[in-house]
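Before any comments, here is the structure.
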Amino acid sequence: MTETSDFLVIGGGIAGAGAAARLAPDASVTVLEMEDALGRHATGRSAAIFIRNYGNQTLRALNIASEPVLETPEGIAEDSLLSPRGEMLIATEDELEAFESYLNGAEGMETLSADEAVDLFPLLRKEGIAAAAIERDARDIDVDRLLQGFARLARRHSTQFVMDAPAQRISRTGGVWRVETPKGAFEAPVLINAAGAWADEIAVLARVRKVGLVPMRRSAAIVPPPEGIDITGWPLVASASESWYAKPDAGKFMVSPADEDPVDPHDAWADDMVLAEGLYRFEQAVTMPVTRVERNWAGLRSFVSDRTPVAGFAPDTEGFFWLAGQGGYGVQTAPALSRLVADLCLKRPSELSDEVVKALNPARLA
């Protein structure tokens with residue numbers, strides 16, 4: 001038996017769930033997820049922080065558009081999905097060019113002296129800090145509440161989420177997409193490709209030209225702080241060259257080597273050597289030794305060539321909508337991108353500027 005709807009979404013991460021939530025009040029939607037739960041891959045392994053100045057100019061516009069929804073998530077959650085954190089950038093002498101590049105065009109960044117940086121993150125080695133700045137309004141995101149809130153909103157409008165349903169065959173006949181899965185066949189006039197690291201593989205199944213997506217591994221580890229030190233209110237701190245970052249997480253540090261190693265799409269895990277090298281770089285910047293790693297993991301951040309998300313209808317195939325290439329920005333831009341998906345699919349004007357919509361359009365990659 002074939003089930004039909006107005007929109008088929010492949011992928012149950014933050015992108016697919018958000019798109020479904022925004023489409024569902026006005027259309028019937030089915031979400032197909034290959035795993036047994038939503039958000040199993042990139043969404044569930046996010047650093048979970050909102051940084052307004054993170055990414056290129058297009059991404060910063062998406063961040064700004066998403067912020068009000070994260071602050072007042074009407075229909076998604078009862079109260080704000082953001083909580084105080086702050087993001088501090090530090091630079092050695094060798095990183096000053098990268099530091100200045102990050103601050104170029106940034107809003108709300110306050111430069112700090114080395115002493116001020118150490119006051120905020122007392123484990124830093126002051127002698128290694130040539131420059132520092134902080135975005136005090138960077139905040140932690142409650143990713144699970146956002147994801148589950150999107151899913152509840154979608155289900156409230158009768159969206160069907162089908163788990164353990166990887167796409168095995170995709171075809172289009174008579175203006176209708178058909179996706180065959182172990183859970184049955186599903187049809188809709190519009191197919192939304194929100195498959196994360198697997199998005200180009202979905203395009204191949206659908207005989208749609210790929211966008212050149214490159215999944216990149218990002219590793220992280222949980223490291224305990226020195227005994228007797230409360231790090232709860234400390235900011236996230238990152239090197240200007242993105243060679244490591246550390247974020248307080250439930251009383252411990254989440255430390256990442258900020259790796260970007262190209263890999264095939266898969267259920268990622270941390271590379272021991274890459275992780276060790278990143279922890280060493282962290283140790284060089286702080287006064288604490290890393291004596292124990294409690295656990296580690298990795299996720300995939302997927303980029304196209306210009307490192308800007310892809311959101312829009314494929315220029316070469318009718319009814320195929322791309323929602324991919326969010327890199328490390330997928331959670332914090334999900335409110336804006338999910339609204340854009342609904343606006344484009346339902347032929348409504350977008351709140352985003354024409355310049356931003358054009359910068360996201362997959363036609364730019366043709």
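Chain identifiers are assigned as A, B, and so on, following the order in which chains appear in the structure tokens; residues are numbered from 1 within each chain, and ligands are numbered from 1 in order of appearance.
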
| message | Residues within 10 Å of A:Leu340, please, as an MDAnalysis selection string. Count only C-alpha atoms; anything in the same chain fewer than 3 positions from it doesn't count. | response | chainID A and resid 19 22 311:312 334:337 343:346 348:352 357

| field | Residue list (strand (DSSP E), DSSP) for stretch 125-155 of chain A, as a list in words | value | Ala131, Ala132, Ala133, Ile134, Glu135, Arg139, Asp140 and Ile141 of chain A

Dump all heavy atoms for the selected residues as a PDB file, in the first residue's frame?
```
ATOM      1  N   ALA A 131      45.747  38.352  21.771  1.00  0.00           N
ATOM      2  CA  ALA A 131      44.504  39.117  21.570  1.00  0.00           C
ATOM      3  C   ALA A 131      43.342  38.251  22.038  1.00  0.00           C
ATOM      4  O   ALA A 131      43.425  37.017  22.032  1.00  0.00           O
ATOM      5  CB  ALA A 131      44.328  39.495  20.103  1.00  0.00           C
ATOM      6  N   ALA A 132      42.278  38.913  22.426  1.00  0.00           N
ATOM      7  CA  ALA A 132      41.085  38.183  22.872  1.00  0.00           C
ATOM      8  C   ALA A 132      39.857  39.053  22.650  1.00  0.00           C
ATOM      9  O   ALA A 132      39.939  40.288  22.640  1.00  0.00           O
ATOM     10  CB  ALA A 132      41.203  37.795  24.348  1.00  0.00           C
ATOM     11  N   ALA A 133      38.731  38.416  22.465  1.00  0.00           N
ATOM     12  CA  ALA A 133      37.452  39.120  22.311  1.00  0.00           C
ATOM     13  C   ALA A 133      36.352  38.187  22.761  1.00  0.00           C
ATOM     14  O   ALA A 133      36.512  36.960  22.780  1.00  0.00           O
ATOM     15  CB  ALA A 133      37.230  39.548  20.866  1.00  0.00           C
ATOM     16  N   ILE A 134      35.216  38.754  23.123  1.00  0.00           N
ATOM     17  CA  ILE A 134      34.105  37.933  23.589  1.00  0.00           C
ATOM     18  C   ILE A 134      32.788  38.412  23.003  1.00  0.00           C
ATOM     19  O   ILE A 134      32.565  39.620  22.836  1.00  0.00           O
ATOM     20  CB  ILE A 134      34.030  37.937  25.141  1.00  0.00           C
ATOM     21  CG1 ILE A 134      32.991  36.913  25.621  1.00  0.00           C
ATOM     22  CG2 ILE A 134      33.737  39.333  25.682  1.00  0.00           C
ATOM     23  CD1 ILE A 134      33.063  36.620  27.099  1.00  0.00           C
ATOM     24  N   GLU A 135      31.953  37.470  22.633  1.00  0.00           N
ATOM     25  CA  GLU A 135      30.552  37.730  22.317  1.00  0.00           C
ATOM     26  C   GLU A 135      29.769  37.291  23.543  1.00  0.00           C
ATOM     27  O   GLU A 135      29.479  36.116  23.731  1.00  0.00           O
ATOM     28  CB  GLU A 135      30.112  36.934  21.082  1.00  0.00           C
ATOM     29  CG  GLU A 135      28.664  37.196  20.673  1.00  0.00           C
ATOM     30  CD  GLU A 135      28.224  36.377  19.461  1.00  0.00           C
ATOM     31  OE1 GLU A 135      29.028  36.241  18.521  1.00  0.00           O
ATOM     32  OE2 GLU A 135      27.082  35.872  19.486  1.00  0.00           O
ATOM     33  N   ARG A 139      24.898  32.059  23.470  1.00  0.00           N
ATOM     34  CA  ARG A 139      24.145  31.314  24.482  1.00  0.00           C
ATOM     35  C   ARG A 139      24.028  29.841  24.125  1.00  0.00           C
ATOM     36  O   ARG A 139      24.040  29.479  22.950  1.00  0.00           O
ATOM     37  CB  ARG A 139      22.748  31.930  24.628  1.00  0.00           C
ATOM     38  CG  ARG A 139      22.743  33.250  25.377  1.00  0.00           C
ATOM     39  CD  ARG A 139      21.471  34.022  25.179  1.00  0.00           C
ATOM     40  NE  ARG A 139      21.428  34.648  23.861  1.00  0.00           N
ATOM     41  CZ  ARG A 139      20.367  35.307  23.389  1.00  0.00           C
ATOM     42  NH1 ARG A 139      19.272  35.392  24.105  1.00  0.00           N
ATOM     43  NH2 ARG A 139      20.410  35.851  22.192  1.00  0.00           N
ATOM     44  N   ASP A 140      23.899  29.019  25.156  1.00  0.00           N
ATOM     45  CA  ASP A 140      23.643  27.601  24.943  1.00  0.00           C
ATOM     46  C   ASP A 140      22.247  27.415  24.359  1.00  0.00           C
ATOM     47  O   ASP A 140      21.310  28.146  24.704  1.00  0.00           O
ATOM     48  CB  ASP A 140      23.717  26.828  26.266  1.00  0.00           C
ATOM     49  CG  ASP A 140      25.132  26.692  26.788  1.00  0.00           C
ATOM     50  OD1 ASP A 140      26.073  26.851  25.992  1.00  0.00           O
ATOM     51  OD2 ASP A 140      25.290  26.416  27.989  1.00  0.00           O
ATOM     52  N   ILE A 141      22.112  26.430  23.473  1.00  0.00           N
ATOM     53  CA  ILE A 141      20.815  26.071  22.898  1.00  0.00           C
ATOM     54  C   ILE A 141      20.380  24.725  23.471  1.00  0.00           C
ATOM     55  O   ILE A 141      21.171  23.777  23.512  1.00  0.00           O
ATOM     56  CB  ILE A 141      20.885  25.939  21.367  1.00  0.00           C
ATOM     57  CG1 ILE A 141      21.446  27.200  20.723  1.00  0.00           C
ATOM     58  CG2 ILE A 141      19.501  25.623  20.789  1.00  0.00           C
ATOM     59  CD1 ILE A 141      21.702  27.058  19.225  1.00  0.00           C
TER      60      ILE A 141
END
```

| query | A:Ala268, A:Ala151, A:Val9, A:Ala138: which is nearest A:Ile76, counting only C-alpha atoms? | reply |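 Once distances to A:Ile76 are computed over only C-alpha atoms, the minimum belongs to A:Ala151.
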
| query | Near A:Ser66, within 8 Å and counting only C-alpha atoms, which residues show up once chain neighbours fewer than 2 positions away are dropped, as a PyMOL selection string? | reply | chain A and resi 62-64+68-70+332-336

Could the residues in this selection be written to a file with N, CA, C and O atoms, as a short mmCIF file (atom, residue, chain, number, x, y, z; two decimals), in the first residue's frame?
```cif
data_model
loop_
_atom_site.label_atom_id
_atom_site.label_comp_id
_atom_site.auth_asym_id
_atom_site.auth_seq_id
_atom_site.Cartn_x
_atom_site.Cartn_y
_atom_site.Cartn_z
N LEU A 62 21.16 34.41 8.70
CA LEU A 62 20.28 33.33 9.18
C LEU A 62 20.29 33.27 10.70
O LEU A 62 19.25 33.03 11.34
N ASN A 63 21.46 33.47 11.30
CA ASN A 63 21.54 33.48 12.77
C ASN A 63 20.64 34.57 13.35
O ASN A 63 19.88 34.33 14.30
N ILE A 64 20.73 35.76 12.77
CA ILE A 64 19.93 36.89 13.27
C ILE A 64 18.44 36.61 13.11
O ILE A 64 17.63 36.92 13.99
N PRO A 68 15.16 35.39 17.33
CA PRO A 68 13.89 35.64 18.01
C PRO A 68 13.08 34.37 18.28
O PRO A 68 12.38 34.28 19.30
N VAL A 69 13.17 33.40 17.36
CA VAL A 69 12.43 32.15 17.57
C VAL A 69 13.04 31.36 18.71
O VAL A 69 12.33 30.77 19.54
N LEU A 70 14.36 31.34 18.80
CA LEU A 70 15.02 30.62 19.89
C LEU A 70 14.74 31.29 21.23
O LEU A 70 14.62 30.62 22.26
N GLN A 332 21.51 26.26 15.02
CA GLN A 332 21.21 27.66 15.29
C GLN A 332 20.53 28.36 14.11
O GLN A 332 19.91 29.41 14.30
N THR A 333 20.63 27.81 12.92
CA THR A 333 19.93 28.42 11.77
C THR A 333 18.62 27.71 11.45
O THR A 333 17.90 28.14 10.54
N ALA A 334 18.29 26.64 12.17
CA ALA A 334 17.10 25.86 11.85
C ALA A 334 15.80 26.67 11.85
O ALA A 334 14.95 26.47 10.97
N PRO A 335 15.60 27.59 12.80
CA PRO A 335 14.35 28.37 12.74
C PRO A 335 14.20 29.16 11.45
O PRO A 335 13.12 29.17 10.84
N ALA A 336 15.26 29.81 10.99
CA ALA A 336 15.17 30.61 9.77
C ALA A 336 15.06 29.73 8.53
O ALA A 336 14.26 30.00 7.63
#
```

Could the residues of stretch 181-241 of chain A that have an atom at most 8 Å from stretch 98-122 of chain A be listed as JSON lines, each with its closest atom pair and the distance in Å to one decimal, counting only C-alpha atoms and ordered by chain and ascending residue number?
```
{"residue": "A:Trp234", "atom": "CA", "partner": "A:Phe121", "partner_atom": "CA", "distance": 6.0}
{"residue": "A:Pro235", "atom": "CA", "partner": "A:Phe121", "partner_atom": "CA", "distance": 7.0}
{"residue": "A:Val237", "atom": "CA", "partner": "A:Phe121", "partner_atom": "CA", "distance": 7.9}
{"residue": "A:Ala240", "atom": "CA", "partner": "A:Phe99", "partner_atom": "CA", "distance": 5.1}
{"residue": "A:Ser241", "atom": "CA", "partner": "A:Ala98", "partner_atom": "CA", "distance": 5.8}
```

| So which residues touch A:Ala195 within 7 Å, counting only C-alpha atoms, skipping near sequence neighbours fewer than 2 positions away, as a count of residues only? | 6
